[in-house]
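Coordinates from final-v9.txt are shown below (compact mmCIF, C-alpha atoms).
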```txt
# COMPACT_ATOMS: atom_id res chain seq x y z
CA MET B 1 103.86 40.40 -1.84
CA ILE B 2 100.81 38.82 -3.47
CA VAL B 3 102.90 38.11 -6.55
CA ASP B 4 105.52 36.48 -4.34
CA ILE B 5 102.98 34.22 -2.66
CA LEU B 6 101.41 33.29 -6.00
CA SER B 7 104.78 32.47 -7.52
CA TRP B 8 105.71 30.29 -4.54
CA ILE B 9 102.42 28.43 -4.82
CA LEU B 10 103.16 27.83 -8.51
CA LEU B 11 106.76 26.73 -7.85
CA LEU B 12 105.82 24.36 -5.02
CA GLY B 13 102.83 23.03 -6.97
CA GLY B 14 105.05 22.38 -9.97
CA GLY B 15 107.52 20.51 -7.79
CA LEU B 16 104.68 18.45 -6.32
CA VAL B 17 103.38 17.53 -9.79
CA GLY B 18 106.93 16.53 -10.77
CA ILE B 19 107.19 14.24 -7.74
CA LEU B 20 103.76 12.74 -8.51
CA GLY B 21 104.91 12.07 -12.08
CA GLY B 22 108.00 10.31 -10.76
CA VAL B 23 105.95 8.19 -8.35
CA GLY B 24 103.59 7.32 -11.19
CA LEU B 25 106.54 6.31 -13.34
CA LEU B 26 107.42 3.74 -10.68
CA ARG B 27 103.90 2.59 -9.80
CA PHE B 28 102.30 2.22 -13.22
CA PRO B 29 102.21 -1.33 -14.62
CA ASP B 30 103.71 -1.20 -18.11
CA PHE B 31 105.57 0.77 -20.77
CA TYR B 32 102.65 2.70 -22.23
CA SER B 33 101.10 3.69 -18.91
CA ARG B 34 104.48 4.93 -17.65
CA LEU B 35 104.64 7.18 -20.69
CA HIS B 36 101.55 8.99 -19.38
CA ALA B 37 103.17 9.53 -15.98
CA ALA B 38 106.19 11.06 -17.68
CA GLY B 39 103.74 13.29 -19.56
CA MET B 40 102.77 14.92 -16.27
CA THR B 41 106.29 16.17 -15.59
CA ASP B 42 106.56 17.33 -19.19
CA THR B 43 103.48 19.50 -19.07
CA LEU B 44 101.92 20.80 -15.86
CA CYS B 45 105.16 20.58 -13.85
CA ALA B 46 107.14 22.61 -16.38
CA LEU B 47 104.20 24.95 -16.92
CA MET B 48 103.80 25.80 -13.23
CA ILE B 49 107.52 26.11 -12.49
CA ILE B 50 108.15 28.42 -15.44
CA ALA B 51 105.04 30.48 -14.65
CA GLY B 52 106.32 30.84 -11.11
CA LEU B 53 109.75 31.89 -12.34
CA ILE B 54 108.22 34.45 -14.71
CA LEU B 55 106.37 35.98 -11.76
CA GLN B 56 109.68 36.14 -9.88
CA ALA B 57 111.48 37.74 -12.85
CA GLY B 58 108.83 40.38 -13.36
CA PHE B 59 108.26 42.09 -16.70
CA SER B 60 111.72 41.94 -18.31
CA LEU B 61 113.75 40.27 -21.03
CA LEU B 62 114.27 37.36 -18.68
CA SER B 63 110.57 36.53 -18.76
CA ILE B 64 110.64 36.50 -22.58
CA LYS B 65 113.40 33.90 -22.42
CA LEU B 66 111.49 31.85 -19.88
CA ALA B 67 108.34 31.99 -22.02
CA LEU B 68 110.37 30.84 -25.03
CA ILE B 69 111.75 27.91 -23.03
CA LEU B 70 108.18 26.93 -22.16
CA LEU B 71 107.08 27.27 -25.80
CA PHE B 72 109.88 25.05 -27.09
CA LEU B 73 109.30 22.55 -24.29
CA LEU B 74 105.60 22.28 -25.16
CA PHE B 75 106.49 21.72 -28.81
CA THR B 76 109.27 19.18 -28.32
CA SER B 77 108.02 17.05 -25.42
CA PRO B 78 104.99 15.57 -27.27
CA THR B 79 107.32 14.76 -30.15
CA ALA B 80 109.58 12.85 -27.78
CA SER B 81 106.63 11.04 -26.15
CA HIS B 82 105.23 10.14 -29.55
CA ALA B 83 108.63 8.88 -30.75
CA LEU B 84 108.89 6.66 -27.67
CA ALA B 85 105.36 5.28 -28.04
CA ARG B 86 105.80 4.67 -31.74
CA ALA B 87 109.15 2.96 -31.19
CA GLY B 88 107.44 0.63 -28.69
CA LEU B 89 104.64 -0.12 -31.12
CA THR B 90 107.01 -0.70 -34.05
CA ASP B 91 109.08 -3.02 -31.89
CA GLY B 92 105.98 -5.19 -31.39
CA LEU B 93 105.14 -4.24 -27.81
CA LYS B 94 101.37 -4.70 -27.66
CA PRO B 95 99.49 -2.11 -25.58
CA GLU B 96 97.50 -3.70 -22.78
CA GLY B 97 93.75 -3.97 -23.24
CA GLU B 98 93.82 -3.57 -27.00
CA GLN B 99 91.08 -6.14 -27.55
CA SER B 100 88.81 -5.10 -24.71
CA SER B 101 87.38 -2.00 -26.32
CA ASN B 102 84.00 -2.54 -24.66
CA ASN B 103 84.68 -1.12 -21.20
CA MET Z 1 110.06 36.13 -51.14
CA ARG Z 2 107.22 36.99 -48.77
CA TYR Z 3 108.17 34.05 -46.58
CA VAL Z 4 111.86 35.03 -46.52
CA ILE Z 5 110.95 38.50 -45.27
CA SER Z 6 108.56 37.27 -42.59
CA LEU Z 7 111.16 34.73 -41.44
CA ALA Z 8 113.80 37.48 -41.22
CA LEU Z 9 111.43 39.73 -39.24
CA VAL Z 10 110.65 36.99 -36.74
CA MET Z 11 114.33 36.19 -36.35
CA ALA Z 12 115.13 39.89 -35.81
CA ALA Z 13 112.49 40.10 -33.08
CA LEU Z 14 113.91 36.95 -31.51
CA TRP Z 15 117.45 38.34 -31.59
CA LEU Z 16 116.41 41.62 -29.96
CA GLY Z 17 114.24 39.82 -27.43
CA LEU Z 18 117.04 37.51 -26.39
CA SER Z 19 119.96 39.96 -26.34
CA GLY Z 20 118.37 43.23 -25.25
CA LEU Z 21 121.61 45.02 -26.18
CA PHE Z 22 121.70 47.75 -28.80
CA LYS Z 23 125.45 48.13 -29.43
CA PRO Z 24 126.34 48.58 -33.11
CA VAL Z 25 128.68 45.56 -33.18
CA LEU Z 26 126.04 43.22 -31.79
CA LEU Z 27 123.34 44.58 -34.08
CA ALA Z 28 125.62 44.07 -37.08
CA LEU Z 29 126.34 40.51 -35.97
CA GLY Z 30 122.59 39.98 -35.67
CA VAL Z 31 121.95 41.24 -39.18
CA VAL Z 32 124.73 39.02 -40.58
CA SER Z 33 123.40 35.89 -38.87
CA ILE Z 34 119.82 36.64 -39.91
CA VAL Z 35 120.82 37.09 -43.55
CA LEU Z 36 122.93 33.92 -43.41
CA THR Z 37 120.10 31.88 -41.84
CA ALA Z 38 117.49 33.21 -44.25
CA TRP Z 39 119.78 32.44 -47.21
CA LEU Z 40 120.51 28.93 -45.87
CA SER Z 41 116.80 28.14 -45.35
CA TRP Z 42 116.09 29.39 -48.86
CA ARG Z 43 118.92 27.19 -50.22
CA MET Z 44 117.63 24.20 -48.26
CA ASP Z 45 114.17 24.81 -49.66
CA VAL Z 46 112.53 24.68 -46.22
CA ILE Z 47 110.85 28.06 -46.58
CA GLY Z 48 107.17 27.84 -47.36
CA VAL Z 49 103.65 28.00 -46.07
CA GLU Z 50 104.16 25.28 -43.44
CA HIS Z 51 107.35 26.73 -42.03
CA ASN Z 52 106.24 30.31 -41.95
CA PRO Z 53 106.17 31.69 -38.41
CA GLY Z 54 104.16 34.64 -39.71
CA LEU Z 55 101.24 32.24 -40.07
CA PHE Z 56 100.34 33.05 -36.48
CA SER Z 57 96.61 33.72 -36.38
CA TRP Z 58 94.51 35.29 -33.65
CA ARG Z 59 92.87 31.92 -33.07
CA LEU Z 60 96.09 30.36 -31.84
CA PRO Z 61 96.26 32.09 -28.40
CA ILE Z 62 92.62 31.16 -27.78
CA TYR Z 63 93.33 27.54 -28.69
CA TRP Z 64 96.45 27.50 -26.51
CA ALA Z 65 94.54 28.86 -23.52
CA TRP Z 66 91.95 26.12 -23.95
CA LEU Z 67 94.71 23.52 -24.37
CA VAL Z 68 96.45 24.63 -21.16
CA TRP Z 69 93.16 24.21 -19.32
CA GLN Z 70 92.79 20.70 -20.78
CA ILE Z 71 96.37 19.93 -19.68
CA VAL Z 72 95.50 20.96 -16.12
CA LEU Z 73 92.34 18.82 -16.10
CA SER Z 74 94.04 15.74 -17.52
CA ASN Z 75 96.96 16.13 -15.12
CA ILE Z 76 94.50 15.91 -12.24
CA ASP Z 77 93.04 12.77 -13.81
CA VAL Z 78 96.46 11.11 -14.17
CA ALA Z 79 97.40 12.21 -10.63
CA ARG Z 80 94.35 10.31 -9.38
CA ALA Z 81 95.66 7.27 -11.22
CA VAL Z 82 99.02 7.69 -9.46
CA PHE Z 83 97.31 7.42 -6.07
CA ASN Z 84 95.18 4.48 -7.10
CA PRO Z 85 96.68 2.70 -10.13
CA ARG Z 86 94.55 -0.45 -9.89
CA GLY Z 87 91.25 1.32 -9.50
CA HIS Z 88 91.72 4.14 -11.97
CA ILE Z 89 93.71 2.78 -14.92
CA ARG Z 90 91.64 1.50 -17.84
CA GLN Z 91 94.06 1.28 -20.73
CA ARG Z 92 92.61 1.35 -24.23
CA VAL Z 93 93.73 1.84 -27.79
CA LEU Z 94 91.38 3.97 -29.86
CA ARG Z 95 91.03 4.99 -33.45
CA VAL Z 96 90.16 8.66 -33.71
CA PRO Z 97 89.20 10.36 -36.98
CA ALA Z 98 91.25 13.44 -37.91
CA ARG Z 99 89.00 15.46 -40.20
CA GLN Z 100 91.40 18.38 -40.67
CA SER Z 101 92.12 18.99 -44.33
CA ARG Z 102 95.78 19.87 -44.04
CA GLU Z 103 98.64 17.78 -42.78
CA LEU Z 104 99.97 20.55 -40.54
CA THR Z 105 96.73 20.82 -38.59
CA ARG Z 106 96.39 17.03 -38.35
CA VAL Z 107 99.86 16.97 -36.79
CA THR Z 108 98.77 19.80 -34.48
CA TYR Z 109 95.79 17.66 -33.42
CA ALA Z 110 97.98 14.58 -32.82
CA ASN Z 111 100.49 16.64 -30.86
CA SER Z 112 97.72 18.19 -28.75
CA ILE Z 113 96.48 14.68 -27.91
CA THR Z 114 99.99 13.69 -26.83
CA LEU Z 115 100.43 16.93 -24.89
CA THR Z 116 97.48 16.20 -22.61
CA PRO Z 117 98.67 13.53 -20.17
CA GLY Z 118 96.65 10.34 -20.18
CA THR Z 119 96.48 10.16 -23.96
CA VAL Z 120 99.34 9.53 -26.39
CA SER Z 121 98.99 9.38 -30.16
CA LEU Z 122 100.74 6.26 -31.39
CA ARG Z 123 100.38 6.67 -35.11
CA LEU Z 124 98.92 9.10 -37.63
CA GLU Z 125 97.70 7.24 -40.69
CA GLY Z 126 95.96 9.34 -43.31
CA ASN Z 127 92.81 10.58 -41.64
CA GLU Z 128 93.03 8.43 -38.55
CA ILE Z 129 95.02 8.74 -35.34
CA LEU Z 130 95.79 5.69 -33.22
CA VAL Z 131 95.57 6.84 -29.61
CA HIS Z 132 96.59 5.11 -26.40
CA ALA Z 133 94.50 6.22 -23.42
CA LEU Z 134 95.39 5.57 -19.79
CA THR Z 135 92.08 6.18 -18.03
CA LYS Z 136 88.39 6.10 -18.85
CA ALA Z 137 88.15 9.88 -18.59
CA GLY Z 138 91.03 10.26 -21.05
CA ALA Z 139 89.46 7.86 -23.55
CA ASP Z 140 86.05 9.55 -23.28
CA GLY Z 141 87.67 12.94 -23.75
CA VAL Z 142 89.31 11.92 -27.00
CA LEU Z 143 86.21 10.08 -28.26
CA SER Z 144 84.00 13.11 -27.64
CA GLY Z 145 85.93 14.78 -30.45
CA GLU Z 146 85.87 18.21 -28.85
CA MET Z 147 89.59 18.74 -29.36
CA GLY Z 148 89.27 17.73 -33.01
CA ASP Z 149 86.52 20.30 -33.49
CA ARG Z 150 88.67 22.97 -31.89
CA VAL Z 151 91.56 22.17 -34.22
CA CYS Z 152 89.16 22.37 -37.19
CA TRP Z 153 88.14 25.80 -35.93
CA LEU Z 154 91.83 26.72 -35.63
CA GLU Z 155 92.33 25.66 -39.23
CA GLY Z 156 89.43 27.73 -40.52
CA GLN Z 157 91.30 31.01 -40.50
CA SER Z 158 94.63 30.16 -42.04
CA LYS Z 159 93.44 28.25 -45.08
```

As C-alpha cells, please, write out the structure in this file.
Amino acid sequence: MIVDILSWILLLGGGLVGILGGVGLLRFPDFYSRLHAAGMTDTLCALMIIAGLILQAGFSLLSIKLALILLFLLFTSPTASHALARAGLTDGLKPEGEQSSNN
Amino acid sequence: MRYVISLALVMAALWLGLSGLFKPVLLALGVVSIVLTAWLSWRMDVIGVEHNPGLFSWRLPIYWAWLVWQIVLSNIDVARAVFNPRGHIRQRVLRVPARQSRELTRVTYANSITLTPGTVSLRLEGNEILVHALTKAGADGVLSGEMGDRVCWLEGQSK
C-alpha cells in the first residue's frame, strides 16, 4: 500500500516535470535556453517515472530491464543535448549574453 | 585478454538478466552471441582500458547518488525559470577548467555538466570546457568547481 502510494507520487511527479519541461520549451526565449528545458524531461522526468515503474514491478527481472533503460537514457541524453548545442555553436548561432560575463 | 574475459562476463550477466530463461537452447544461443561479439570487438580493436565495463569502481555508485541529487536540485531551479522566464533566466557562457588527467574522466565531467539541467557543455577543448548556463544558480554551481572535484575523486581509484 505504501509502496503503491509512493510509486504513484513518483509517476505523477514525473509527468508533472515532463509537462513543465514542455511548457519551458515553449516559453524560453532562444535556442540554447530551450535546450535546458528539454533537459528537464530527459532527466528528472525519466528518473521519476522509471523509479515509479520499478516500484510497481517489484523485485523481478522487469525491474532490471527498467533500471537498464534508465542507465542508457542517462548516458545517451547528455550526448544528444551536447550534439545539439555544439551543432548550434558550429553553425554560428551566438549564445545570448556571451559578452556580459559580469552579472 | 583480461579485457576480453571481463567483457564476456558482463555480457553473460546482461543476457541472463534480460532473458531470465535457463533452457539449453537459449543458453547455447547466448554463448554463441557472446563469443561472436567478443571476437568482433577484439577484431575491431575497441577492447581496452576505456571500454572495459569491469572498470566499475566502488566510487561510482556514490558519485551517481550525488549526481542524482544535483539533478533534482537543478531541475527545481529550471522549473522556477519556467514559471518566471524573464525574472530568473541569466544566460551566460563560461569557461570551466577540467583538471582531470584522463580523457575519459574529462568526458565524464562534461557529460555530468550536461546531465544537470540548466547547464550544457558546448565544447571540450583540452583542459577547458565551454559551458552554457541558463540561470545564475546554474552558473554559480559550475563555477564553484564542486562537481569537478568530485570527478577528480572518482578518478583517483581507477588510475

Contact set, chain B to chain Z: 10 Å, all atoms listed in the file, as a tab-separated table (two decimals) with C-alpha atoms, in the coordinates of the input:
```tsv
chain	number	residue	atom	x	y	z
B	17	VAL	CA	103.38	17.53	-9.79
B	20	LEU	CA	103.76	12.74	-8.51
B	21	GLY	CA	104.91	12.07	-12.08
B	22	GLY	CA	108.00	10.31	-10.76
B	23	VAL	CA	105.95	8.19	-8.35
B	24	GLY	CA	103.59	7.32	-11.19
B	25	LEU	CA	106.54	6.31	-13.34
B	26	LEU	CA	107.42	3.74	-10.68
B	27	ARG	CA	103.90	2.59	-9.80
B	28	PHE	CA	102.30	2.22	-13.22
B	29	PRO	CA	102.21	-1.33	-14.62
B	32	TYR	CA	102.65	2.70	-22.23
B	33	SER	CA	101.10	3.69	-18.91
B	34	ARG	CA	104.48	4.93	-17.65
B	35	LEU	CA	104.64	7.18	-20.69
B	36	HIS	CA	101.55	8.99	-19.38
B	37	ALA	CA	103.17	9.53	-15.98
B	38	ALA	CA	106.19	11.06	-17.68
B	39	GLY	CA	103.74	13.29	-19.56
B	40	MET	CA	102.77	14.92	-16.27
B	41	THR	CA	106.29	16.17	-15.59
B	42	ASP	CA	106.56	17.33	-19.19
B	43	THR	CA	103.48	19.50	-19.07
B	44	LEU	CA	101.92	20.80	-15.86
B	45	CYS	CA	105.16	20.58	-13.85
B	47	LEU	CA	104.20	24.95	-16.92
B	60	SER	CA	111.72	41.94	-18.31
B	61	LEU	CA	113.75	40.27	-21.03
B	62	LEU	CA	114.27	37.36	-18.68
B	63	SER	CA	110.57	36.53	-18.76
B	64	ILE	CA	110.64	36.50	-22.58
B	65	LYS	CA	113.40	33.90	-22.42
B	68	LEU	CA	110.37	30.84	-25.03
B	74	LEU	CA	105.60	22.28	-25.16
B	75	PHE	CA	106.49	21.72	-28.81
B	76	THR	CA	109.27	19.18	-28.32
B	77	SER	CA	108.02	17.05	-25.42
B	78	PRO	CA	104.99	15.57	-27.27
B	79	THR	CA	107.32	14.76	-30.15
B	80	ALA	CA	109.58	12.85	-27.78
B	81	SER	CA	106.63	11.04	-26.15
B	82	HIS	CA	105.23	10.14	-29.55
B	83	ALA	CA	108.63	8.88	-30.75
B	84	LEU	CA	108.89	6.66	-27.67
B	85	ALA	CA	105.36	5.28	-28.04
B	86	ARG	CA	105.80	4.67	-31.74
B	87	ALA	CA	109.15	2.96	-31.19
B	88	GLY	CA	107.44	0.63	-28.69
B	89	LEU	CA	104.64	-0.12	-31.12
B	90	THR	CA	107.01	-0.70	-34.05
B	95	PRO	CA	99.49	-2.11	-25.58
B	96	GLU	CA	97.50	-3.70	-22.78
B	97	GLY	CA	93.75	-3.97	-23.24
B	98	GLU	CA	93.82	-3.57	-27.00
B	99	GLN	CA	91.08	-6.14	-27.55
B	100	SER	CA	88.81	-5.10	-24.71
B	101	SER	CA	87.38	-2.00	-26.32
B	102	ASN	CA	84.00	-2.54	-24.66
B	103	ASN	CA	84.68	-1.12	-21.20
```

| remark: In Å and to one decimal, atom CA of Z:Val31 is distant from atom CA of B:Ala67 by 23.8 Å

| field | Residues within 12 Å of (120.3, 38.1, -43.1), file coords, only C-alpha atoms, listed as a ChimeraX atom specification | value | /Z:4-12,15,27-42

Padding 8 Å on each side, edges along x, y and z: where is the centre of the box around the listed atoms of stretch 74-80 of chain B, and how long are its edges in Å to one decimal? Output it as AutoDock Vina command-line options.
```
--center_x 107.3 --center_y 17.6 --center_z -27.7 --size_x 20.6 --size_y 25.4 --size_z 21.0
```

| query | Hey, which of Z:Gly126, Z:Pro24, Z:Gly138, Z:Gly48 ends up closest to Z:Val107? Count all atoms listed in the file. | reply |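 Among Z:Gly126, Z:Pro24, Z:Gly138, Z:Gly48, it is Z:Gly126 that comes nearest to Z:Val107.
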
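When atom CA of Z:Leu21 is paired with atom CA of B:Ala57, their separation reads 18.3 Å.
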
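For the atom pair formed by atom CA of Z:Asp140 and atom CA of Z:Arg99, the distance is 18.2 Å, given to one decimal.
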